[in-house]
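A quick write-up on the structure given underneath.
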Amino acid sequence: MDEAARAAWWENLPAGIRDEIDGYVLQDSLFHALRTVVDVGRVPSGIGIRIAQDIVNDRYTHHGDRIARSPDSPLDLESLAFRAAGCPGRVVAIEVVWDGDTVHDWFTVLLAITEDPVREHPLATVYSTTARSYLDGEGVGSGQLVCAAAAEHAGRALAERLSVPFHFASPDTPDDEAPRWRE
């Protein structure tokens, strides 16, 4: 569905449905907006997730700076150490893993791995925008995405501070199925 067809579909929606979807967009609640578009567009329009993503992206573009964006995760050492100290159980490793979605593309998640109880605790989600402001012009390794460079830098510093191993199985290539840390 091209942009003109999406705009026409949007204009034919009841005002209440448009307000609901825009409300989710203005709250930066992507998945609720997508679900609503898919739910109301499935019949009779046959709108699936791919077209819904385009429609919701159109609404994000339309609203621009008015969207109440979720704050970036802090990557400074003191904040990460404070979060790690709040994890139940003893932190035994710091790990970076890949994740991705249709809005942010690939991004990384910095985790504290604990024992007793054995769990992983997200400390920070590192999107490209977060990474750029954190690195503030520092170099990125050849071929490495900025979100990986920032997560690796922050994760290594935290692991060193906590005297635990650091693990990032695939720092140069996004891979959400890369081997995970094992003690």
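Every chain in the structure tokens takes a letter, A first, then B, and so on in the order presented; its residues are numbered from 1, and the ligands are numbered from 1 following the presented order.
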Write out as a list in words each polymer residue whose atoms come within 12 Å of Ala68 (chain A), counting only C-alpha atoms; drop sequence neighbours fewer than 3 positions from it.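 Everything that qualifies: Asp22, Gly23, Tyr24, Val25, Leu26, Gln27, Asp28, Ser29, Leu30, Tyr60, His63, Gly64, Asp65 and Pro71 of chain A.
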Step one, run DSSP on the backbone; step two, keep only residues of region 104-138 of chain A assigned to helix (DSSP H, G or I); then write them as number ranges by chain. A: 128-135
Would you mind writing down, as a ChimeraX atom specification, each residue of chain A that DSSP on the backbone assigns to strand (DSSP E or B)? /A:90-101,105-115,119-126,166-167
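For the residues A:Val164, A:Ala131, A:Ala178, A:Ala5, ranking by smallest atom-to-atom distance to Ile47 (chain A) using only C-alpha atoms places A:Ala5 first.
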Would you mind listing, for every residue of region 101-120 of chain A within 7 Å of region 81-89 of chain A, the two atoms forming the shortest contact and the distance between them in Å to one decimal, using only C-alpha atoms, sorted by chain and ascending residue number, as JSON lines?
{"residue": "A:Ala112", "atom": "CA", "partner": "A:Ala84", "partner_atom": "CA", "distance": 6.4}
{"residue": "A:Thr114", "atom": "CA", "partner": "A:Gly89", "partner_atom": "CA", "distance": 5.5}
{"residue": "A:Glu115", "atom": "CA", "partner": "A:Gly89", "partner_atom": "CA", "distance": 5.6}
{"residue": "A:Asp116", "atom": "CA", "partner": "A:Gly89", "partner_atom": "CA", "distance": 5.1}
{"residue": "A:Pro117", "atom": "CA", "partner": "A:Gly89", "partner_atom": "CA", "distance": 5.5}
Excluding region 33-35 of chain A and residues on its chain fewer than 6 positions from it, collect all residues at most 12 Å away from it, counting only C-alpha atoms, and give them as an MDAnalysis selection string. chainID A and resid 17:27 41:42 47:60 102:103
Quick one: distance from CA of Val126 (chain A) to CA of Thr108 (chain A) in Å, one decimal? 5.1 Å
Exercise: Thr173 (chain A) partners within 12 Å, only C-alpha atoms, chain neighbours under 5 positions left out, as a PyMOL selection string: chain A and resi 97-99+106-108+141-149+168+178
Can those selected residues be exported to a file as an mmCIF file, in the first residue's frame so that it contains N, CA, C and O atoms?
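Result written to again.cif:
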data_model
loop_
_atom_site.group_PDB
_atom_site.id
_atom_site.type_symbol
_atom_site.label_atom_id
_atom_site.label_comp_id
_atom_site.auth_asym_id
_atom_site.auth_seq_id
_atom_site.Cartn_x
_atom_site.Cartn_y
_atom_site.Cartn_z
ATOM 1 N N VAL A 97 23.690 -8.458 24.827
ATOM 2 C CA VAL A 97 23.005 -9.281 23.829
ATOM 3 C C VAL A 97 22.351 -8.361 22.800
ATOM 4 O O VAL A 97 22.073 -7.193 23.076
ATOM 5 N N TRP A 98 22.114 -8.909 21.629
ATOM 6 C CA TRP A 98 21.444 -8.176 20.551
ATOM 7 C C TRP A 98 19.943 -8.367 20.644
ATOM 8 O O TRP A 98 19.450 -9.419 21.053
ATOM 9 N N ASP A 99 19.218 -7.342 20.216
ATOM 10 C CA ASP A 99 17.777 -7.421 20.051
ATOM 11 C C ASP A 99 17.433 -6.492 18.892
ATOM 12 O O ASP A 99 18.304 -5.776 18.404
ATOM 13 N N TRP A 106 18.405 -2.837 14.817
ATOM 14 C CA TRP A 106 19.180 -3.573 15.821
ATOM 15 C C TRP A 106 19.567 -2.647 16.966
ATOM 16 O O TRP A 106 19.882 -1.480 16.756
ATOM 17 N N PHE A 107 19.553 -3.190 18.178
ATOM 18 C CA PHE A 107 20.036 -2.487 19.356
ATOM 19 C C PHE A 107 20.597 -3.526 20.311
ATOM 20 O O PHE A 107 20.492 -4.731 20.067
ATOM 21 N N THR A 108 21.244 -3.067 21.372
ATOM 22 C CA THR A 108 21.833 -3.992 22.335
ATOM 23 C C THR A 108 21.206 -3.790 23.708
ATOM 24 O O THR A 108 20.672 -2.722 24.015
ATOM 25 N N GLY A 141 34.643 0.722 16.534
ATOM 26 C CA GLY A 141 35.451 -0.258 15.821
ATOM 27 C C GLY A 141 34.979 -0.429 14.379
ATOM 28 O O GLY A 141 33.833 -0.175 14.050
ATOM 29 N N SER A 142 35.877 -0.856 13.523
ATOM 30 C CA SER A 142 35.583 -1.063 12.114
ATOM 31 C C SER A 142 34.425 -2.043 11.960
ATOM 32 O O SER A 142 34.488 -3.169 12.446
ATOM 33 N N GLY A 143 33.365 -1.601 11.323
ATOM 34 C CA GLY A 143 32.222 -2.465 11.072
ATOM 35 C C GLY A 143 31.286 -2.616 12.261
ATOM 36 O O GLY A 143 30.238 -3.223 12.141
ATOM 37 N N GLN A 144 31.631 -2.080 13.408
ATOM 38 C CA GLN A 144 30.810 -2.245 14.601
ATOM 39 C C GLN A 144 29.712 -1.179 14.636
ATOM 40 O O GLN A 144 29.974 0.002 14.386
ATOM 41 N N LEU A 145 28.495 -1.589 14.928
ATOM 42 C CA LEU A 145 27.411 -0.627 15.072
ATOM 43 C C LEU A 145 27.625 0.185 16.342
ATOM 44 O O LEU A 145 28.170 -0.310 17.331
ATOM 45 N N VAL A 146 27.168 1.423 16.319
ATOM 46 C CA VAL A 146 27.399 2.329 17.437
ATOM 47 C C VAL A 146 26.766 1.805 18.733
ATOM 48 O O VAL A 146 27.323 1.966 19.813
ATOM 49 N N CYS A 147 25.613 1.146 18.636
ATOM 50 C CA CYS A 147 24.968 0.613 19.845
ATOM 51 C C CYS A 147 25.811 -0.507 20.459
ATOM 52 O O CYS A 147 25.854 -0.658 21.681
ATOM 53 N N ALA A 148 26.511 -1.266 19.631
ATOM 54 C CA ALA A 148 27.390 -2.326 20.133
ATOM 55 C C ALA A 148 28.624 -1.719 20.792
ATOM 56 O O ALA A 148 29.057 -2.175 21.858
ATOM 57 N N ALA A 149 29.188 -0.696 20.169
ATOM 58 C CA ALA A 149 30.379 -0.055 20.726
ATOM 59 C C ALA A 149 30.090 0.554 22.094
ATOM 60 O O ALA A 149 30.866 0.394 23.037
ATOM 61 N N PHE A 168 30.264 -10.640 25.430
ATOM 62 C CA PHE A 168 29.521 -10.114 24.278
ATOM 63 C C PHE A 168 29.928 -11.000 23.107
ATOM 64 O O PHE A 168 30.971 -10.816 22.500
ATOM 65 N N ALA A 178 23.299 -15.468 19.183
ATOM 66 C CA ALA A 178 24.710 -15.728 19.525
ATOM 67 C C ALA A 178 24.768 -16.471 20.865
ATOM 68 O O ALA A 178 23.861 -16.345 21.693
#
In terms of the shortest atom-to-atom distance over only C-alpha atoms, which of A:Ser70, A:Leu158, A:Ser128, A:Val91 is closest to His104 (chain A)?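 Distance minimum relative to His104 (chain A) lands on A:Ser128.
Of the listed residues A:Asp176, A:Asp39, A:Asp76, A:Glu11, the one whose atoms come nearest to Asp101 (chain A) is A:Asp176, with distances taken using only C-alpha atoms.
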Do a neighbour search on Thr130 (chain A) at 9 Å with only C-alpha atoms, toss out local chain neighbours closer than 5 positions, and write the hits as a ChimeraX atom specification. /A:72-75,125,135,147,150
